[in-house]
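A quick write-up on the structure given underneath.
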Amino acid sequence: MPRRSFWLAGVYFLLASAVLTMWLWRDPASRVAAVNPYDADQFAWFFRYDANAVAHLRLPSLVSTGMNAPSGFNVMWNTPMLLPGVVLAPLTLLAGPQASLTVLLTVGFAGSALAMFAVLRAWGAGTVAAACGGFAYGFSPALVQSALGHYDLQFAVLPPLIVDAALRLATGRARAAGRHGALRWGAWLGLLSAAQIFITEELLFDSAVAVGILLIVLAASRPRAIAGSLRLLAAGAAVAAAVTCALAGYPLWEQFFGADRQHGSPFAPDFYKNDLAGFVQPPGSLLLHTKGSAAFAAAFQGQPPEYLAYLGWPMLVVLAVAAVRFWRHLPVRAAAVAFASLSALSLGGTLLAGGHEHSWLTLPWYWAQTLPAAGSVIPDRFSILADGAAAAVFAFGLDAVRDVWPRARGLWPRVAVGGIAALALAPLLPRPLPAGSVSVPPVGWSAAFAALRLPAGAPVLVVPVPMSSFTEPLRWAADTGVPSSMIGGYFTGPRADGQAATDGDGTPSADLYLNRLWTRPGNQVTLTGSLQQADYSAAELHTQLTVTGAAAVVADASATSALGEYLTRVLGPPTVRDGAVLGWRLPASA
């Protein structure tokens, strides 16, 4: 592939990504894609966690008490994005975690498109066709919707490269790299796989499924060619496994056999799956949508960040026509089967259509989800790999049409084909991402912690107590670096029976009570008439503080608020009053 076309494509994709994220770049350190502040706050906390580790000249710990103190949580069962977090640590330390996330988001769109462009060109697609395919994948609705807080899924740069490396080994093209081609491409595949593990494991699983589907199609289409490459594939796979284990073996062991190991998914089975109507109902994040389609997407049971199916009638029709017309063309056939299979898997175990569940109709994922590791997979996210397959069908189909142009006389057939291609891509054009402001730390937050003079790593009960629906303290800690250890948090951890669950074994009732006080209108309502409930919660609070070994309680509250009055009644006069923050240093930390 000419370097000039590669770099030009990269520049154009980067410009398109800059337009898409333009409202975030007005203030990259404090602007976030709107709709999903909870996951964005969690990712910001993880990026601060990664950066603090780098600042202390070490890699991030795989088990941490930064949240859920004092027992902590298993980092690998969560979404810390360790690789991007470490790489962007200098920027995080300099400008804050949201600046790093904004950079990651921008690079994610452009990098995903460029990776698909490079792979399509490597497999024979023309420059124009590969550019169209790169756009269809890198700026697909699935990635645009994932940008609403799911940074680990939106950064889908590596899956096309993983599929490419695996196919080179399976088809024998790795021999072109020389005598040790299998070793080189196997090592490259292992490096990519390990890197993807440290971004998000789920996309590696989905990529492996895509590779498996493609290999089945190739084996059925050209059994002799695949049989001749089995030794090459086996050698490359062995090298890939060795490299992956060398780089990610210990973290994976810590995840599945270390502290806080868990099983299953923290989410309800067969809930996060595509709605069949979602393939043709555009969300409001796209330029071309209707008020009704935007409302349908907004009401999706999995919430907007999981509304990943859309491709639109024009693209679906073009894909179907290309698959039928050029079925004998192996790249089109393989990509078409992969697209259809991955789309079917994305529908989950039973059919959801138009917002209505049809549990009588079981789908392929119903049986696949019982396989090892598959139970933790969210099926609608197969759409990201499905969009990659759709991009390949579109690109190879466009080139196949161009191959027959010389048989057609005149300019109009070419104009017609170009118009049809534009018509298929136009519904995928996204609007600039909506931006909102991150939660700002209360006035006096950092000063209160400085005045408390807590030992490094001392557990702190922050109020509101962080949990999946109260993530503001995670953002405050991410932006200021304090506290370094907090009770509660937004994380995936095991329940008592080992089942994976959001917020682990749950939030104590005393913490829930504190959060209810914090959310009262104006935060100024007294406890008159609720003293019995307050006294009961006070006993629970004292018990929890003792069990957790809390060194301090820090609250976003005024002294005259319901929360401030209650904590003063239970803990005595605050040790620190600074701005909108009250702090109590507990006797155990003295």
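Every chain in the structure tokens has a letter given in the order shown (A, B, ...), and although residue numbers restart at 1 in each chain, ligands are simply numbered from 1 in the order shown.
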
Can you pull out every residue within 8 Å of A:Tyr490, counting only C-alpha atoms, but drop anything in the same chain fewer than 2 positions away, and send it as number ranges by chain?
-> A: 42, 67, 466-468, 471, 488, 492, 502-503

Using N, CA, C and O atoms, can you export the residues from the last selection as a CSV table (one decimal), in the first residue's frame?
chain,number,residue,atom,x,y,z
A,42,GLN,N,-16.5,6.9,35.9
A,42,GLN,CA,-15.7,5.7,36.3
A,42,GLN,C,-14.4,5.7,35.5
A,42,GLN,O,-13.3,5.4,36.0
A,67,MET,N,-11.0,1.8,45.5
A,67,MET,CA,-12.5,1.8,45.7
A,67,MET,C,-12.8,0.6,46.6
A,67,MET,O,-11.9,-0.3,46.7
A,466,PRO,N,-19.9,6.9,47.0
A,466,PRO,CA,-19.9,6.5,45.6
A,466,PRO,C,-20.5,5.1,45.4
A,466,PRO,O,-20.2,4.2,46.1
A,467,MET,N,-21.3,5.0,44.3
A,467,MET,CA,-21.9,3.8,43.9
A,467,MET,C,-22.3,4.0,42.4
A,467,MET,O,-22.1,5.1,41.8
A,468,SER,N,-22.9,3.0,41.8
A,468,SER,CA,-23.2,3.1,40.4
A,468,SER,C,-24.1,4.3,40.0
A,468,SER,O,-24.0,4.8,38.9
A,471,THR,N,-21.9,8.7,41.1
A,471,THR,CA,-20.5,8.7,40.7
A,471,THR,C,-19.7,10.0,40.8
A,471,THR,O,-18.5,10.1,40.5
A,488,GLY,N,-16.8,2.2,49.3
A,488,GLY,CA,-17.8,2.2,48.2
A,488,GLY,C,-17.1,2.5,46.9
A,488,GLY,O,-15.9,2.5,46.8
A,492,THR,N,-17.2,-3.6,39.4
A,492,THR,CA,-17.8,-4.9,39.3
A,492,THR,C,-17.0,-5.8,40.3
A,492,THR,O,-15.8,-5.9,40.3
A,502,THR,N,-22.7,-5.5,39.8
A,502,THR,CA,-22.3,-4.1,39.9
A,502,THR,C,-22.3,-3.6,41.4
A,502,THR,O,-23.3,-3.9,42.1
A,503,ASP,N,-21.3,-3.0,41.8
A,503,ASP,CA,-21.1,-2.5,43.2
A,503,ASP,C,-20.9,-3.7,44.1
A,503,ASP,O,-21.2,-3.6,45.4

In Å, how far is it from atom CA of A:Leu93 to atom CA of A:Tyr250?
-> 27.3 Å

Would you return as an NGL selection string the members of stretch 353-583 of chain A that DSSP assigns to alpha helix (DSSP H) on this structure's backbone?
-> :A and (364-368 or 382-403 or 412-425 or 445-452 or 472-480 or 509-518 or 531-548 or 562-571)

Figure out the distance between atom CA of A:Leu91 and atom CA of A:Ala33, please, to one decimal in Å.
->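 A separation of 19.2 Å between them.
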
Which is closest to A:Gly212 among A:Thr575, A:Thr543, A:Ser341, A:Gln145, if we use only C-alpha atoms?
->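 Going through A:Thr575, A:Thr543, A:Ser341, A:Gln145 one by one, the smallest distance to A:Gly212 is for A:Ser341.
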
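For the set A:Arg431, A:His180, A:His150, A:Arg261, the residue with the smallest atom-to-atom gap to A:Pro494 is A:Arg261, counting only C-alpha atoms.
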
Restrict the calculation to only C-alpha atoms, then for each residue of stretch 175-226 of chain A with any atom at most 9 Å from an atom of stretch 314-338 of chain A give the closest atom pair and their distance in Å to one decimal, rows by chain and rising residue number, as a tab-separated table.
residue	atom	partner	partner_atom	distance
A:Ala210	CA	A:Ala338	CA	6.4
A:Val211	CA	A:Ala338	CA	8.7
A:Ile213	CA	A:Ala338	CA	6.0
A:Leu214	CA	A:Ala334	CA	5.8
A:Leu215	CA	A:Ala334	CA	8.6
A:Ile216	CA	A:Ala334	CA	8.9
A:Val217	CA	A:Ala334	CA	5.8
A:Leu218	CA	A:Ala334	CA	7.0
A:Ser221	CA	A:Leu330	CA	7.7

List the neighbours of A:Leu571 out to 12 Å using only C-alpha atoms; skip same-chain residues closer than 5 positions along the sequence, and give me the result as a ChimeraX atom specification.
-> /A:538-539,541-542,545,552-554,563-566,582-587

Would you save the residues from that selection as a PDB file, in the first residue's frame, using N, CA and C atoms?
ATOM      1  N   ALA A 538     -27.807   5.773  62.461  1.00  0.00           N
ATOM      2  CA  ALA A 538     -26.606   6.165  63.194  1.00  0.00           C
ATOM      3  C   ALA A 538     -25.883   4.946  63.731  1.00  0.00           C
ATOM      4  N   ALA A 539     -26.634   4.019  64.280  1.00  0.00           N
ATOM      5  CA  ALA A 539     -26.005   2.795  64.792  1.00  0.00           C
ATOM      6  C   ALA A 539     -25.332   2.032  63.655  1.00  0.00           C
ATOM      7  N   LEU A 541     -24.208   3.290  60.895  1.00  0.00           N
ATOM      8  CA  LEU A 541     -23.057   4.049  60.428  1.00  0.00           C
ATOM      9  C   LEU A 541     -21.846   3.804  61.321  1.00  0.00           C
ATOM     10  N   HIS A 542     -22.041   3.825  62.636  1.00  0.00           N
ATOM     11  CA  HIS A 542     -20.931   3.553  63.548  1.00  0.00           C
ATOM     12  C   HIS A 542     -20.370   2.148  63.317  1.00  0.00           C
ATOM     13  N   LEU A 545     -18.324   2.196  60.035  1.00  0.00           N
ATOM     14  CA  LEU A 545     -17.048   2.905  60.188  1.00  0.00           C
ATOM     15  C   LEU A 545     -16.035   2.046  60.925  1.00  0.00           C
ATOM     16  N   ALA A 552     -11.575   8.755  58.071  1.00  0.00           N
ATOM     17  CA  ALA A 552     -12.235  10.061  58.049  1.00  0.00           C
ATOM     18  C   ALA A 552     -13.560   9.936  57.321  1.00  0.00           C
ATOM     19  N   VAL A 553     -14.427  10.911  57.575  1.00  0.00           N
ATOM     20  CA  VAL A 553     -15.663  11.097  56.827  1.00  0.00           C
ATOM     21  C   VAL A 553     -15.607  12.490  56.224  1.00  0.00           C
ATOM     22  N   VAL A 554     -15.806  12.588  54.911  1.00  0.00           N
ATOM     23  CA  VAL A 554     -15.781  13.877  54.219  1.00  0.00           C
ATOM     24  C   VAL A 554     -17.087  14.008  53.447  1.00  0.00           C
ATOM     25  N   LEU A 563     -27.965  16.656  55.879  1.00  0.00           N
ATOM     26  CA  LEU A 563     -26.816  15.758  55.957  1.00  0.00           C
ATOM     27  C   LEU A 563     -25.802  16.262  56.981  1.00  0.00           C
ATOM     28  N   GLY A 564     -25.522  17.586  56.960  1.00  0.00           N
ATOM     29  CA  GLY A 564     -24.559  18.149  57.908  1.00  0.00           C
ATOM     30  C   GLY A 564     -25.018  18.007  59.343  1.00  0.00           C
ATOM     31  N   GLU A 565     -26.293  18.269  59.593  1.00  0.00           N
ATOM     32  CA  GLU A 565     -26.815  18.152  60.953  1.00  0.00           C
ATOM     33  C   GLU A 565     -26.778  16.707  61.441  1.00  0.00           C
ATOM     34  N   TYR A 566     -27.127  15.775  60.556  1.00  0.00           N
ATOM     35  CA  TYR A 566     -27.133  14.371  60.950  1.00  0.00           C
ATOM     36  C   TYR A 566     -25.720  13.895  61.274  1.00  0.00           C
ATOM     37  N   LEU A 582     -17.470  19.431  54.715  1.00  0.00           N
ATOM     38  CA  LEU A 582     -17.258  19.147  56.128  1.00  0.00           C
ATOM     39  C   LEU A 582     -16.426  17.876  56.234  1.00  0.00           C
ATOM     40  N   GLY A 583     -15.476  17.855  57.186  1.00  0.00           N
ATOM     41  CA  GLY A 583     -14.630  16.680  57.347  1.00  0.00           C
ATOM     42  C   GLY A 583     -14.448  16.301  58.795  1.00  0.00           C
ATOM     43  N   TRP A 584     -14.496  15.004  59.058  1.00  0.00           N
ATOM     44  CA  TRP A 584     -14.283  14.475  60.409  1.00  0.00           C
ATOM     45  C   TRP A 584     -13.101  13.506  60.367  1.00  0.00           C
ATOM     46  N   ARG A 585     -12.080  13.789  61.117  1.00  0.00           N
ATOM     47  CA  ARG A 585     -11.003  12.807  61.282  1.00  0.00           C
ATOM     48  C   ARG A 585     -11.383  11.927  62.466  1.00  0.00           C
ATOM     49  N   LEU A 586     -11.453  10.631  62.221  1.00  0.00           N
ATOM     50  CA  LEU A 586     -11.941   9.704  63.232  1.00  0.00           C
ATOM     51  C   LEU A 586     -10.819   9.287  64.173  1.00  0.00           C
ATOM     52  N   PRO A 587     -11.160   8.910  65.409  1.00  0.00           N
ATOM     53  CA  PRO A 587     -10.126   8.592  66.416  1.00  0.00           C
ATOM     54  C   PRO A 587      -9.160   7.510  65.960  1.00  0.00           C
TER      55      PRO A 587
END

Among the residues A:Gly172, A:Gly85, A:Gly278, A:Pro432, the one that comes closest to A:Leu230 [using only C-alpha atoms] = A:Gly172

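Between atom CA of A:Ala435 and atom CA of A:Val19 lies a distance of 12.9 Å.
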
Considering only C-alpha atoms, state which residue in the set A:Val157, A:Ala395, A:Val463, A:Leu143 is at the smallest distance from A:Leu114.
->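 Among the listed residues, the smallest separation from A:Leu114 belongs to A:Val157.
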
Got a sec: who's within 10 Å of A:Gln301, counting only C-alpha atoms, leaving out chain neighbours fewer than 2 positions off, as a PyMOL selection string?
-> chain A and resi 271-275+296-299+303-304+306-307+355

May I have the residues from that selection written out with N, CA and C atoms, as an mmCIF file, in the first residue's frame?
data_model
loop_
_atom_site.group_PDB
_atom_site.id
_atom_site.type_symbol
_atom_site.label_atom_id
_atom_site.label_comp_id
_atom_site.auth_asym_id
_atom_site.auth_seq_id
_atom_site.Cartn_x
_atom_site.Cartn_y
_atom_site.Cartn_z
ATOM 1 N N PHE A 271 -30.450 -9.260 28.296
ATOM 2 C CA PHE A 271 -31.052 -7.922 28.384
ATOM 3 C C PHE A 271 -30.397 -6.960 27.398
ATOM 4 N N TYR A 272 -29.089 -6.899 27.393
ATOM 5 C CA TYR A 272 -28.369 -5.996 26.494
ATOM 6 C C TYR A 272 -28.174 -6.683 25.148
ATOM 7 N N LYS A 273 -29.186 -6.581 24.318
ATOM 8 C CA LYS A 273 -29.168 -7.181 22.987
ATOM 9 C C LYS A 273 -29.826 -6.216 22.014
ATOM 10 N N ASN A 274 -29.531 -6.401 20.745
ATOM 11 C CA ASN A 274 -30.094 -5.507 19.740
ATOM 12 C C ASN A 274 -31.576 -5.759 19.533
ATOM 13 N N ASP A 275 -32.282 -4.691 19.294
ATOM 14 C CA ASP A 275 -33.664 -4.763 18.837
ATOM 15 C C ASP A 275 -33.631 -4.898 17.319
ATOM 16 N N PHE A 296 -37.409 6.353 19.622
ATOM 17 C CA PHE A 296 -37.306 4.898 19.722
ATOM 18 C C PHE A 296 -35.936 4.499 20.264
ATOM 19 N N ALA A 297 -34.882 5.118 19.729
ATOM 20 C CA ALA A 297 -33.528 4.809 20.189
ATOM 21 C C ALA A 297 -33.338 5.222 21.641
ATOM 22 N N ALA A 298 -33.881 6.385 22.016
ATOM 23 C CA ALA A 298 -33.717 6.871 23.387
ATOM 24 C C ALA A 298 -34.435 5.981 24.390
ATOM 25 N N ALA A 299 -35.506 5.319 23.939
ATOM 26 C CA ALA A 299 -36.279 4.449 24.835
ATOM 27 C C ALA A 299 -35.770 3.011 24.827
ATOM 28 N N GLN A 303 -30.416 1.392 26.971
ATOM 29 C CA GLN A 303 -29.954 2.770 27.035
ATOM 30 C C GLN A 303 -29.147 3.139 25.780
ATOM 31 N N PRO A 304 -29.038 4.425 25.441
ATOM 32 C CA PRO A 304 -28.383 4.860 24.195
ATOM 33 C C PRO A 304 -26.976 4.310 23.954
ATOM 34 N N GLU A 306 -25.834 1.510 24.330
ATOM 35 C CA GLU A 306 -25.907 0.130 23.850
ATOM 36 C C GLU A 306 -26.787 -0.001 22.605
ATOM 37 N N TYR A 307 -27.205 1.118 22.039
ATOM 38 C CA TYR A 307 -28.022 1.083 20.823
ATOM 39 C C TYR A 307 -27.069 1.028 19.627
ATOM 40 N N GLY A 355 -39.296 -3.136 20.387
ATOM 41 C CA GLY A 355 -39.460 -2.920 21.814
ATOM 42 C C GLY A 355 -40.236 -4.012 22.515
#

Identify, with DSSP run on backbone atoms, the residues in stretch 355-586 of chain A assigned to strand (DSSP E), and express the list as an MDAnalysis selection string.
-> chainID A and resid 356:362 435:437 460:463 492:494 500:502 552:556 576:578 581:585

Mind checking which residues fall within 9 Å of A:Leu204, counting only C-alpha atoms, ignoring those fewer than 4 positions away in the same chain, and posting them as a ChimeraX atom specification?
-> /A:158-159,162,193,196-197,200,208-209

I need the chosen residues saved as a JSON list (two decimals), in the first residue's frame, with all heavy atoms.
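So selection-v7.json came out as:
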[["chain", "number", "residue", "atom", "x", "y", "z"],
["A", 158, "LEU", "N", -7.90, -2.04, 17.22],
["A", 158, "LEU", "CA", -7.17, -3.29, 17.08],
["A", 158, "LEU", "C", -7.96, -4.45, 16.44],
["A", 158, "LEU", "O", -7.34, -5.31, 15.80],
["A", 158, "LEU", "CB", -6.62, -3.73, 18.43],
["A", 158, "LEU", "CG", -5.65, -2.75, 19.11],
["A", 158, "LEU", "CD1", -5.02, -3.40, 20.33],
["A", 158, "LEU", "CD2", -4.57, -2.29, 18.15],
["A", 159, "PRO", "N", -9.28, -4.57, 16.61],
["A", 159, "PRO", "CA", -9.99, -5.71, 16.02],
["A", 159, "PRO", "C", -9.73, -5.94, 14.53],
["A", 159, "PRO", "O", -9.49, -7.09, 14.13],
["A", 159, "PRO", "CB", -11.46, -5.40, 16.31],
["A", 159, "PRO", "CG", -11.41, -4.67, 17.61],
["A", 159, "PRO", "CD", -10.19, -3.80, 17.50],
["A", 162, "ILE", "N", -6.33, -7.54, 14.29],
["A", 162, "ILE", "CA", -6.33, -8.90, 14.82],
["A", 162, "ILE", "C", -6.90, -9.87, 13.78],
["A", 162, "ILE", "O", -6.33, -10.94, 13.52],
["A", 162, "ILE", "CB", -7.14, -8.96, 16.13],
["A", 162, "ILE", "CG1", -6.41, -8.19, 17.24],
["A", 162, "ILE", "CG2", -7.39, -10.41, 16.56],
["A", 162, "ILE", "CD1", -7.20, -8.02, 18.50],
["A", 193, "SER", "N", -3.27, -9.15, 20.51],
["A", 193, "SER", "CA", -4.22, -9.76, 21.44],
["A", 193, "SER", "C", -3.95, -9.31, 22.87],
["A", 193, "SER", "O", -4.88, -8.99, 23.62],
["A", 193, "SER", "CB", -4.13, -11.28, 21.35],
["A", 193, "SER", "OG", -4.46, -11.73, 20.05],
["A", 196, "GLN", "N", -5.11, -5.79, 23.27],
["A", 196, "GLN", "CA", -6.56, -5.68, 23.35],
["A", 196, "GLN", "C", -7.07, -6.11, 24.73],
["A", 196, "GLN", "O", -8.06, -5.55, 25.23],
["A", 196, "GLN", "CB", -7.22, -6.53, 22.27],
["A", 196, "GLN", "CG", -8.73, -6.38, 22.18],
["A", 196, "GLN", "CD", -9.15, -4.96, 21.86],
["A", 196, "GLN", "OE1", -8.82, -4.42, 20.82],
["A", 196, "GLN", "NE2", -9.89, -4.34, 22.77],
["A", 197, "ILE", "N", -6.41, -7.07, 25.34],
["A", 197, "ILE", "CA", -6.77, -7.47, 26.71],
["A", 197, "ILE", "C", -6.67, -6.29, 27.65],
["A", 197, "ILE", "O", -7.51, -6.12, 28.55],
["A", 197, "ILE", "CB", -5.89, -8.64, 27.18],
["A", 197, "ILE", "CG1", -6.29, -9.93, 26.46],
["A", 197, "ILE", "CG2", -5.98, -8.83, 28.70],
["A", 197, "ILE", "CD1", -5.35, -11.09, 26.71],
["A", 200, "THR", "N", -9.91, -3.74, 26.35],
["A", 200, "THR", "CA", -11.12, -4.42, 26.81],
["A", 200, "THR", "C", -11.10, -5.83, 26.26],
["A", 200, "THR", "O", -10.89, -6.05, 25.07],
["A", 200, "THR", "CB", -12.42, -3.70, 26.38],
["A", 200, "THR", "OG1", -13.55, -4.45, 26.82],
["A", 200, "THR", "CG2", -12.52, -3.52, 24.88],
["A", 208, "ALA", "N", -12.34, -12.89, 18.04],
["A", 208, "ALA", "CA", -12.08, -14.32, 17.88],
["A", 208, "ALA", "C", -13.28, -15.02, 17.25],
["A", 208, "ALA", "O", -13.12, -15.92, 16.40],
["A", 208, "ALA", "CB", -11.75, -14.95, 19.23],
["A", 209, "VAL", "N", -14.48, -14.63, 17.64],
["A", 209, "VAL", "CA", -15.69, -15.20, 17.02],
["A", 209, "VAL", "C", -15.73, -14.86, 15.54],
["A", 209, "VAL", "O", -16.03, -15.71, 14.69],
["A", 209, "VAL", "CB", -16.95, -14.70, 17.74],
["A", 209, "VAL", "CG1", -18.21, -15.13, 16.99],
["A", 209, "VAL", "CG2", -17.00, -15.21, 19.17]]

Within 8 Å of stretch 358-365 of chain A, counting only C-alpha atoms, which residues show up once you throw out same-chain ones fewer than 6 positions away? Write them as a list in words, please.
-> Ala344, Leu345, Ser346, Leu347, Gly348, Gly349, Thr350, Leu351, Leu352 and Pro379 of chain A

Would you save the residues of that selection, restricted to N, CA and C atoms, as a PDB file, in the first residue's frame?
ATOM      1  N   ALA A 344     -26.752 -11.739  13.716  1.00  0.00           N
ATOM      2  CA  ALA A 344     -27.674 -12.666  14.374  1.00  0.00           C
ATOM      3  C   ALA A 344     -27.292 -12.862  15.833  1.00  0.00           C
ATOM      4  N   LEU A 345     -25.993 -12.975  16.118  1.00  0.00           N
ATOM      5  CA  LEU A 345     -25.555 -13.124  17.505  1.00  0.00           C
ATOM      6  C   LEU A 345     -25.881 -11.883  18.327  1.00  0.00           C
ATOM      7  N   SER A 346     -25.828 -10.709  17.686  1.00  0.00           N
ATOM      8  CA  SER A 346     -26.083  -9.460  18.420  1.00  0.00           C
ATOM      9  C   SER A 346     -27.526  -9.340  18.878  1.00  0.00           C
ATOM     10  N   LEU A 347     -28.420 -10.163  18.322  1.00  0.00           N
ATOM     11  CA  LEU A 347     -29.831 -10.112  18.713  1.00  0.00           C
ATOM     12  C   LEU A 347     -30.103 -10.836  20.023  1.00  0.00           C
ATOM     13  N   GLY A 348     -29.090 -11.493  20.577  1.00  0.00           N
ATOM     14  CA  GLY A 348     -29.249 -12.153  21.861  1.00  0.00           C
ATOM     15  C   GLY A 348     -29.905 -13.519  21.744  1.00  0.00           C
ATOM     16  N   GLY A 349     -30.400 -14.011  22.874  1.00  0.00           N
ATOM     17  CA  GLY A 349     -30.942 -15.362  22.928  1.00  0.00           C
ATOM     18  C   GLY A 349     -32.364 -15.499  22.429  1.00  0.00           C
ATOM     19  N   THR A 350     -33.162 -14.464  22.607  1.00  0.00           N
ATOM     20  CA  THR A 350     -34.542 -14.459  22.105  1.00  0.00           C
ATOM     21  C   THR A 350     -34.794 -13.138  21.407  1.00  0.00           C
ATOM     22  N   LEU A 351     -35.792 -13.099  20.546  1.00  0.00           N
ATOM     23  CA  LEU A 351     -35.996 -11.956  19.669  1.00  0.00           C
ATOM     24  C   LEU A 351     -36.643 -10.775  20.388  1.00  0.00           C
ATOM     25  N   LEU A 352     -36.025  -9.612  20.228  1.00  0.00           N
ATOM     26  CA  LEU A 352     -36.589  -8.334  20.647  1.00  0.00           C
ATOM     27  C   LEU A 352     -36.856  -7.536  19.376  1.00  0.00           C
ATOM     28  N   PRO A 379     -24.255  -9.397  24.113  1.00  0.00           N
ATOM     29  CA  PRO A 379     -24.400  -9.716  22.690  1.00  0.00           C
ATOM     30  C   PRO A 379     -24.515  -8.522  21.760  1.00  0.00           C
TER      31      PRO A 379
END

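Shortest separation to A:Arg48 among A:Ser446, A:Ser439, A:Ser100, A:Ser469 occurs at residue A:Ser100, atoms counted being only C-alpha atoms.
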